[in-house]
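Shown next: entry.csv, given as CSV, C-alpha atoms.
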```csv
chain,number,residue,atom,x,y,z
A,1,MET,CA,-15.4,-10.8,15.4
A,2,GLN,CA,-17.8,-8.7,13.3
A,3,ALA,CA,-16.4,-6.8,10.4
A,4,VAL,CA,-17.5,-5.1,7.2
A,5,HIS,CA,-16.5,-7.3,4.2
A,6,PHE,CA,-17.3,-8.3,0.7
A,7,THR,CA,-16.6,-11.5,-1.3
A,8,GLU,CA,-16.8,-10.0,-4.8
A,9,HIS,CA,-16.5,-6.6,-6.4
A,10,GLY,CA,-19.7,-4.7,-7.3
A,11,ASP,CA,-22.3,-2.2,-6.1
A,12,PRO,CA,-22.9,-1.5,-2.4
A,13,ASP,CA,-25.1,-4.5,-2.1
A,14,VAL,CA,-22.0,-6.8,-2.1
A,15,ILE,CA,-21.1,-5.4,1.3
A,16,GLU,CA,-21.9,-7.5,4.4
A,17,TYR,CA,-21.4,-7.1,8.1
A,18,GLY,CA,-20.7,-10.4,9.9
A,19,GLU,CA,-18.3,-12.9,11.3
A,20,VAL,CA,-14.7,-13.0,10.1
A,21,PRO,CA,-11.6,-14.5,11.8
A,22,ASP,CA,-10.2,-12.6,14.8
A,23,PRO,CA,-6.9,-10.8,14.0
A,24,GLU,CA,-3.6,-12.5,14.9
A,25,VAL,CA,-1.1,-10.1,16.4
A,26,GLY,CA,2.4,-10.2,14.9
A,27,ARG,CA,5.6,-9.4,16.7
A,28,ASP,CA,5.6,-5.7,15.7
A,29,GLU,CA,1.8,-5.4,15.7
A,30,VAL,CA,-0.8,-3.9,18.0
A,31,ARG,CA,-4.4,-5.1,18.5
A,32,VAL,CA,-6.9,-2.3,18.7
A,33,ASP,CA,-10.5,-2.3,19.7
A,34,VAL,CA,-12.1,0.0,17.1
A,35,LYS,CA,-14.3,2.8,18.3
A,36,ALA,CA,-14.9,4.6,15.0
A,37,GLY,CA,-13.7,4.6,11.5
A,38,ALA,CA,-14.5,6.6,8.4
A,39,LEU,CA,-15.0,6.1,4.7
A,40,ASN,CA,-12.9,7.5,1.8
A,41,HIS,CA,-13.5,7.4,-1.9
A,42,LEU,CA,-10.7,4.8,-1.9
A,43,ASP,CA,-13.2,2.4,-0.2
A,44,VAL,CA,-15.6,2.9,-3.1
A,45,TRP,CA,-13.0,2.2,-5.7
A,46,THR,CA,-11.7,-0.8,-3.9
A,47,ARG,CA,-15.2,-2.2,-3.6
A,48,ARG,CA,-15.8,-1.7,-7.3
A,49,GLY,CA,-12.4,-3.2,-8.2
A,50,LEU,CA,-9.2,-1.5,-9.3
A,51,PRO,CA,-7.1,-2.6,-12.3
A,52,GLY,CA,-4.0,-4.5,-11.2
A,53,ILE,CA,-5.1,-5.1,-7.6
A,54,ASP,CA,-6.2,-8.7,-6.9
A,55,LEU,CA,-7.7,-8.9,-3.4
A,56,GLU,CA,-7.9,-11.9,-1.2
A,57,PHE,CA,-11.6,-12.5,-0.4
A,58,PRO,CA,-13.3,-11.9,1.9
A,59,HIS,CA,-11.9,-8.4,2.0
A,60,VAL,CA,-12.3,-6.1,4.9
A,61,PRO,CA,-12.2,-2.4,3.6
A,62,GLY,CA,-11.4,0.8,5.4
A,63,SER,CA,-8.3,2.9,5.8
A,64,ASP,CA,-9.4,5.1,8.7
A,65,ALA,CA,-10.1,3.9,12.2
A,66,ALA,CA,-9.4,4.8,15.9
A,67,GLY,CA,-9.7,2.9,19.1
A,68,VAL,CA,-8.0,1.5,22.2
A,69,VAL,CA,-4.9,-0.7,22.3
A,70,ARG,CA,-5.8,-4.1,23.9
A,71,GLU,CA,-2.6,-6.2,23.1
A,72,VAL,CA,0.9,-5.5,21.8
A,73,GLY,CA,3.4,-7.8,20.1
A,74,PRO,CA,6.7,-8.6,21.8
A,75,ASP,CA,8.7,-6.1,19.6
A,76,VAL,CA,6.3,-3.2,20.1
A,77,THR,CA,7.9,-0.3,22.0
A,78,ARG,CA,5.7,2.7,21.4
A,79,PHE,CA,2.3,1.6,22.8
A,80,ASP,CA,0.8,-0.2,25.8
A,81,PRO,CA,-2.7,-1.6,26.5
A,82,GLY,CA,-5.1,1.2,27.2
A,83,ASP,CA,-3.5,3.7,24.8
A,84,ARG,CA,-5.8,5.7,22.5
A,85,VAL,CA,-4.6,5.5,18.9
A,86,THR,CA,-5.6,6.2,15.3
A,87,VAL,CA,-4.5,4.5,12.1
A,88,THR,CA,-2.4,6.0,9.4
A,89,ALA,CA,-2.9,3.7,6.4
A,90,GLY,CA,0.3,3.9,4.3
A,91,VAL,CA,2.6,0.9,4.5
A,92,ALA,CA,6.2,1.0,3.2
A,93,CYS,CA,9.1,-1.5,3.1
A,94,GLY,CA,11.6,0.6,5.0
A,95,ASP,CA,14.5,-0.6,2.8
A,96,CYS,CA,14.2,0.9,-0.7
A,97,GLU,CA,16.0,4.0,-1.8
A,98,PHE,CA,13.0,6.3,-1.1
A,99,CYS,CA,12.4,4.9,2.4
A,100,ARG,CA,16.1,5.3,3.2
A,101,ARG,CA,15.9,8.9,2.0
A,102,GLY,CA,13.0,9.6,4.5
A,103,ASP,CA,10.0,9.5,2.2
A,104,PRO,CA,8.2,6.2,2.6
A,105,SER,CA,5.2,7.5,0.6
A,106,MET,CA,7.4,7.1,-2.4
A,107,CYS,CA,8.3,3.5,-1.5
A,108,VAL,CA,8.5,1.1,-4.5
A,109,SER,CA,6.2,-1.3,-2.7
A,110,PHE,CA,4.0,1.3,-1.0
A,111,HIS,CA,0.5,0.0,-0.3
A,112,ILE,CA,-2.5,1.1,1.7
A,113,LEU,CA,-4.5,-0.6,4.4
A,114,GLY,CA,-8.0,-1.3,3.1
A,115,GLU,CA,-6.9,-1.1,-0.6
A,116,HIS,CA,-4.2,-3.6,-1.2
A,117,VAL,CA,-4.4,-5.5,2.1
A,118,PRO,CA,-7.2,-6.0,4.7
A,119,GLY,CA,-8.5,-2.8,6.2
A,120,VAL,CA,-9.8,-1.6,9.5
A,121,HIS,CA,-13.6,-1.4,9.4
A,122,ALA,CA,-14.0,-4.1,12.0
A,123,GLU,CA,-14.5,-4.6,15.7
A,124,GLU,CA,-10.8,-5.4,16.2
A,125,ILE,CA,-7.7,-4.9,14.0
A,126,ALA,CA,-4.1,-5.9,14.2
A,127,VAL,CA,-1.7,-3.4,12.5
A,128,PRO,CA,2.0,-2.6,12.7
A,129,GLU,CA,2.9,-0.1,15.4
A,130,ASP,CA,4.3,2.2,12.7
A,131,ASN,CA,0.7,2.6,11.4
A,132,LEU,CA,-0.6,4.1,14.7
A,133,VAL,CA,-0.6,7.6,16.0
A,134,PRO,CA,-1.4,8.5,19.7
A,135,VAL,CA,-4.7,10.2,20.3
A,136,PRO,CA,-5.0,12.6,23.3
A,137,GLU,CA,-7.7,12.2,25.9
A,138,GLY,CA,-10.7,14.4,25.1
A,139,VAL,CA,-10.6,13.9,21.3
A,140,ASP,CA,-13.9,12.5,20.2
A,141,TRP,CA,-13.6,9.1,18.5
A,142,THR,CA,-15.5,10.3,15.4
A,143,VAL,CA,-12.8,13.0,15.0
A,144,ALA,CA,-9.9,10.6,15.8
A,145,GLY,CA,-11.3,8.0,13.4
A,146,SER,CA,-11.8,10.3,10.4
A,147,ALA,CA,-8.9,12.8,10.3
A,148,SER,CA,-5.8,10.8,9.5
A,149,LEU,CA,-6.0,10.0,5.8
A,150,VAL,CA,-7.6,13.2,4.5
A,151,PHE,CA,-5.7,15.7,6.6
A,152,GLY,CA,-2.4,13.9,6.1
A,153,THR,CA,-3.0,13.8,2.4
A,154,ALA,CA,-4.1,17.4,2.1
A,155,TRP,CA,-1.1,18.5,4.3
A,156,ARG,CA,1.4,16.8,2.0
A,157,MET,CA,-0.3,18.2,-1.1
A,158,LEU,CA,-0.3,21.8,0.0
A,159,VAL,CA,2.7,22.1,2.4
A,160,ASP,CA,5.3,19.8,0.9
A,161,ARG,CA,4.3,19.2,-2.7
A,162,ALA,CA,2.7,22.5,-3.9
A,163,ASP,CA,4.7,24.6,-1.3
A,164,LEU,CA,1.7,26.9,-0.8
A,165,GLY,CA,2.7,30.1,0.9
A,166,PRO,CA,1.0,33.1,2.6
A,167,GLY,CA,-0.6,35.5,0.2
A,168,GLU,CA,-0.9,33.0,-2.6
A,169,SER,CA,-4.2,31.9,-4.0
A,170,VAL,CA,-5.6,28.4,-4.2
A,171,LEU,CA,-8.6,26.8,-5.9
A,172,VAL,CA,-9.9,23.7,-4.0
A,173,LEU,CA,-12.2,21.5,-6.1
A,174,GLY,CA,-14.9,19.4,-4.5
A,175,ALA,CA,-14.6,21.1,-1.1
A,176,SER,CA,-17.4,19.0,0.4
A,177,GLY,CA,-15.4,15.8,0.2
A,178,GLY,CA,-12.9,14.5,2.7
A,179,VAL,CA,-9.7,15.7,1.1
A,180,GLY,CA,-11.4,18.8,-0.3
A,181,HIS,CA,-12.7,20.1,3.1
A,182,ALA,CA,-9.3,19.3,4.7
A,183,ALA,CA,-7.5,21.3,2.0
A,184,VAL,CA,-9.8,24.3,2.5
A,185,GLY,CA,-8.9,24.4,6.2
A,186,ILE,CA,-5.2,23.9,5.7
A,187,ALA,CA,-4.9,26.5,2.9
A,188,ASP,CA,-6.7,29.0,5.1
A,189,TYR,CA,-4.3,28.1,8.0
A,190,LEU,CA,-1.3,28.7,5.7
A,191,GLY,CA,-2.6,32.2,4.9
A,192,ALA,CA,-3.7,31.7,1.3
A,193,GLU,CA,-6.7,33.2,-0.4
A,194,VAL,CA,-9.0,30.2,-0.9
A,195,ILE,CA,-11.6,29.7,-3.6
A,196,ALA,CA,-13.7,26.5,-3.1
A,197,THR,CA,-16.1,24.8,-5.4
A,198,ALA,CA,-19.2,22.7,-4.4
A,199,SER,CA,-22.6,21.8,-5.7
A,200,SER,CA,-25.1,23.4,-3.3
A,201,ASP,CA,-25.7,26.4,-1.2
A,202,ALA,CA,-25.4,24.3,2.0
A,203,LYS,CA,-22.0,22.9,0.9
A,204,LEU,CA,-20.7,26.3,-0.2
A,205,ALA,CA,-21.7,27.7,3.2
A,206,ALA,CA,-19.9,24.9,5.0
A,207,ALA,CA,-16.8,25.6,2.9
A,208,ALA,CA,-16.9,29.3,3.8
A,209,ASP,CA,-17.2,28.4,7.4
A,210,LEU,CA,-14.0,26.3,7.2
A,211,GLY,CA,-12.1,29.3,5.7
A,212,ALA,CA,-12.9,29.7,2.0
A,213,ASP,CA,-12.8,33.4,1.0
A,214,HIS,CA,-14.8,32.8,-2.2
A,215,THR,CA,-17.2,29.9,-3.2
A,216,VAL,CA,-18.3,28.8,-6.6
A,217,ASP,CA,-21.2,26.5,-7.5
A,218,TYR,CA,-19.7,24.4,-10.2
A,219,THR,CA,-23.1,23.1,-11.3
A,220,ALA,CA,-24.4,26.6,-12.0
A,221,THR,CA,-21.4,28.4,-13.5
A,222,ASP,CA,-18.2,27.9,-15.4
A,223,PHE,CA,-15.7,27.8,-12.6
A,224,PRO,CA,-12.5,28.9,-14.6
A,225,SER,CA,-14.4,32.0,-15.6
A,226,GLU,CA,-15.4,32.7,-12.0
A,227,VAL,CA,-11.8,32.2,-10.9
A,228,ARG,CA,-10.5,34.6,-13.5
A,229,ALA,CA,-13.1,37.2,-12.4
A,230,LEU,CA,-12.2,36.7,-8.7
A,231,THR,CA,-8.5,37.1,-9.5
A,232,ASP,CA,-8.7,40.1,-11.9
A,233,GLY,CA,-8.0,37.8,-14.8
A,234,ARG,CA,-4.8,36.4,-13.3
A,235,GLY,CA,-5.8,32.9,-12.2
A,236,VAL,CA,-4.7,31.1,-9.0
A,237,ASP,CA,-1.3,30.0,-7.9
A,238,VAL,CA,-2.4,26.5,-7.0
A,239,VAL,CA,-5.3,24.2,-7.9
A,240,VAL,CA,-6.1,21.2,-5.7
A,241,ASP,CA,-7.8,18.6,-8.0
A,242,HIS,CA,-8.7,15.2,-6.8
A,243,VAL,CA,-11.7,15.0,-9.2
A,244,GLY,CA,-9.9,13.9,-12.3
A,245,ALA,CA,-11.2,13.7,-15.9
A,246,GLU,CA,-14.2,15.9,-15.5
A,247,THR,CA,-12.3,18.9,-14.2
A,248,TRP,CA,-8.7,18.5,-15.6
A,249,ARG,CA,-8.8,21.0,-18.5
A,250,ASP,CA,-10.7,23.5,-16.4
A,251,SER,CA,-8.2,23.2,-13.6
A,252,LEU,CA,-5.4,24.1,-16.0
A,253,LYS,CA,-7.5,27.0,-17.3
A,254,SER,CA,-7.8,28.3,-13.7
A,255,LEU,CA,-4.0,28.6,-13.1
A,256,ALA,CA,-2.0,31.7,-13.3
A,257,LYS,CA,1.3,31.7,-15.3
A,258,GLY,CA,3.7,29.5,-13.4
A,259,GLY,CA,0.9,28.0,-11.4
A,260,ARG,CA,0.9,24.5,-9.9
A,261,LEU,CA,-1.8,21.8,-10.2
A,262,VAL,CA,-1.5,19.2,-7.4
A,263,THR,CA,-3.5,16.0,-7.6
A,264,CYS,CA,-4.0,13.0,-5.3
A,265,GLY,CA,-6.8,11.2,-7.0
A,266,ALA,CA,-9.2,10.9,-10.0
A,267,THR,CA,-12.7,10.3,-8.7
A,268,THR,CA,-14.3,10.8,-12.1
A,269,GLY,CA,-11.7,8.9,-14.1
A,270,PRO,CA,-7.9,8.7,-14.6
A,271,ASN,CA,-7.5,9.6,-18.3
A,272,PRO,CA,-8.6,13.2,-19.1
A,273,GLU,CA,-8.0,15.2,-22.2
A,274,THR,CA,-5.2,17.6,-21.4
A,275,ASP,CA,-3.9,20.9,-22.9
A,276,ILE,CA,-0.2,20.5,-23.5
A,277,ASN,CA,0.1,23.9,-25.2
A,278,ARG,CA,-1.3,25.6,-22.1
A,279,ILE,CA,1.1,23.7,-19.8
A,280,PHE,CA,4.3,24.6,-21.7
A,281,TRP,CA,3.2,28.2,-22.7
A,282,ASN,CA,2.1,29.1,-19.2
A,283,GLN,CA,5.0,27.1,-17.7
A,284,LEU,CA,2.6,25.2,-15.4
A,285,GLU,CA,3.6,22.4,-13.0
A,286,VAL,CA,1.5,19.2,-12.6
A,287,ILE,CA,2.4,17.6,-9.3
A,288,GLY,CA,1.3,14.2,-8.1
A,289,SER,CA,0.9,13.5,-4.4
A,290,THR,CA,0.1,10.2,-2.6
A,291,MET,CA,-0.9,9.9,1.1
A,292,ALA,CA,1.8,11.3,3.5
A,293,THR,CA,4.9,10.5,5.5
A,294,PRO,CA,4.5,9.6,9.2
A,295,GLY,CA,6.0,13.0,10.0
A,296,GLN,CA,3.5,14.8,7.8
A,297,VAL,CA,0.6,12.9,9.4
A,298,ASP,CA,1.9,13.8,12.8
A,299,ASP,CA,2.1,17.5,11.9
A,300,ALA,CA,-1.4,17.6,10.5
A,301,LEU,CA,-3.0,15.6,13.3
A,302,GLU,CA,-1.3,17.7,16.0
A,303,LEU,CA,-3.3,20.6,14.6
A,304,VAL,CA,-6.5,18.6,14.5
A,305,TRP,CA,-6.0,17.6,18.1
A,306,GLU,CA,-5.4,21.2,19.0
A,307,GLY,CA,-8.6,22.3,17.2
A,308,ALA,CA,-7.0,24.3,14.4
A,309,PHE,CA,-8.6,22.0,11.9
A,310,GLU,CA,-12.0,20.4,12.3
A,311,PRO,CA,-13.0,17.3,10.3
A,312,ARG,CA,-16.6,17.8,9.4
A,313,ILE,CA,-18.9,14.7,9.9
A,314,ARG,CA,-21.8,14.4,7.6
A,315,GLU,CA,-23.3,11.2,9.2
A,316,VAL,CA,-22.4,8.5,11.7
A,317,VAL,CA,-23.8,5.0,11.0
A,318,PRO,CA,-23.3,1.5,12.4
A,319,MET,CA,-21.0,-0.7,10.4
A,320,SER,CA,-24.0,-3.0,9.6
A,321,GLU,CA,-25.2,-0.1,7.5
A,322,ALA,CA,-21.8,0.3,5.6
A,323,ALA,CA,-23.6,-0.2,2.3
A,324,ARG,CA,-25.6,3.0,2.9
A,325,ALA,CA,-22.4,4.8,4.0
A,326,HIS,CA,-20.9,3.9,0.6
A,327,GLU,CA,-24.0,5.2,-1.1
A,328,LEU,CA,-23.7,8.5,0.7
A,329,LEU,CA,-20.2,9.0,-0.8
A,330,GLU,CA,-21.2,7.8,-4.3
A,331,ASN,CA,-24.2,10.1,-4.4
A,332,ARG,CA,-22.2,13.0,-3.0
A,333,GLU,CA,-24.7,13.6,-0.2
A,334,GLY,CA,-23.7,16.0,2.5
A,335,PHE,CA,-20.5,17.7,3.5
A,336,GLY,CA,-17.4,16.1,5.1
A,337,LYS,CA,-16.7,12.6,6.3
A,338,VAL,CA,-19.0,9.5,6.7
A,339,VAL,CA,-18.2,7.7,10.0
A,340,VAL,CA,-18.9,4.0,10.7
A,341,VAL,CA,-19.0,2.6,14.2
A,342,PRO,CA,-19.0,-1.1,15.2
A,343,ASP,CA,-22.5,-2.1,16.1
A,344,SER,CA,-21.3,-3.1,19.5
A,345,GLU,CA,-20.1,0.5,20.0
A,346,TYR,CA,-23.0,2.3,18.3
```
Please lay out the structure from this file as structure tokens.
Amino acid sequence: MQAVHFTEHGDPDVIEYGEVPDPEVGRDEVRVDVKAGALNHLDVWTRRGLPGIDLEFPHVPGSDAAGVVREVGPDVTRFDPGDRVTVTAGVACGDCEFCRRGDPSMCVSFHILGEHVPGVHAEEIAVPEDNLVPVPEGVDWTVAGSASLVFGTAWRMLVDRADLGPGESVLVLGASGGVGHAAVGIADYLGAEVIATASSDAKLAAAADLGADHTVDYTATDFPSEVRALTDGRGVDVVVDHVGAETWRDSLKSLAKGGRLVTCGATTGPNPETDINRIFWNQLEVIGSTMATPGQVDDALELVWEGAFEPRIREVVPMSEAARAHELLENREGFGKVVVVPDSEY
């Protein structure tokens, strides 16, 4: 079959699209003909190389994809050939203390399709049935193939980890990205006052269209000062920061006393300078969040299927142009998700 893959870490030019072995279907696995997938910044980091993760080459990237079931293993009970499905990328052991308590995203051996093991940017994939969610008829493949990771992640961050409630205020950094734009929509749905940052008038307008009450161009102004002005000097209750080192201190400055900073990533680097005095004096909470539980993904995707949330698509490209798709993410071009489609489906 044809798949996106690379045989070494590096710039986008290491990416190829060509023949790889067909997937073998295990007893609890499902073979899916992929109709569409989407990129996440995780794909960029995996391609560049992550400390402590040794991949088996050639590596197929990708954590988001959707398609049609073609074959099921003998132990599969939830799906049949012809079903429409989307991938949820987190994989847990099912046996550790955290899995037994009902939170597999905390699993001691938690890993992600496309990051630690082969991913789903291919014509066909074989994944455990636990990593699939039904997709209703009528949902476009670009939506089905791009919503799971970012909406599940943002849902867990805001609903379960930060416990964002109606009437609270939230600052969403990088609102043009996948998690960022999902967080804007979810925060608005929860009844919060939403402040969103982005780098251009077009991106700010798109964030406002998704539900942001206020927008801030972080390239033209000091966003903590703008946040203070918009909140009468108080600051916000919650900051969603997946940017990392470049924004960390300013995120802390933007919080009200007793505020919560929730983070799921570090696009600009994992080791920022911090302000411990501000954290203890203002009694701030710094909350980590990784991916989502199956139930949290189900909750978020049900609202996507109903149309309450809308994943924005910045561009759809054939998988043979996956290198250009990576460049779109790295160069921060456009708003929302970049979708890749097998050339045979394009």
Name all residues at most 7 Å from segment 200-209 of chain A (count only C-alpha atoms; drop same-chain ones fewer than 4 positions away) and give them as number ranges by chain. A: 175-176, 181, 196, 213, 215, 217, 335
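Each of A:Gly258, A:Pro12, A:Gly62, A:Gly178 was checked against Ala147 of chain A using only C-alpha atoms; the smallest atom-to-atom distance is that of A:Gly178.
Reported to one decimal place, the separation of atom CA of Asp130 of chain A from atom CA of Leu113 of chain A is 12.4 Å.
When all atoms listed in the file are used to measure the gap to Phe151 of chain A, the shortest distance among A:Val30, A:Arg324, A:Gly177, A:Leu55 belongs to A:Gly177.
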Of A:His59, A:Arg278, A:His111, A:Arg332, the one sitting nearest Arg249 of chain A when using only C-alpha atoms is A:Arg278
Point out the residue among A:Thr293, A:Thr153, A:Asn331, A:Gln283 with the least atom-to-atom distance to Thr263 of chain A, counting all atoms listed in the file. A:Thr153
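For the choices A:Glu123, A:Asp188, A:Asp222, A:Glu29, the atom-to-atom distance to Gly67 of chain A is smallest for A:Glu123 when using all atoms listed in the file.
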Show which residues sit within 9 Å of Gly191 of chain A, as number ranges by chain. Count all atoms listed in the file, and ignore same-chain residues fewer than 6 positions away. A: 164-168
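For the set A:Gly49, A:Pro23, A:Gly211, A:Gly235, the residue with the smallest atom-to-atom gap to Val194 of chain A is A:Gly211, counting only C-alpha atoms.
When the distance limit is 10 Å and all atoms listed in the file are what count, the residues near Val91 of chain A, minus those fewer than 3 positions from it on the same chain, are Thr88, Gly94, Pro104, Ser105, Cys107, Ser109, Phe110, His111, Ile112, Leu113, His116, Val117, Pro128, Asp130, Asn131 and Thr293 of chain A.
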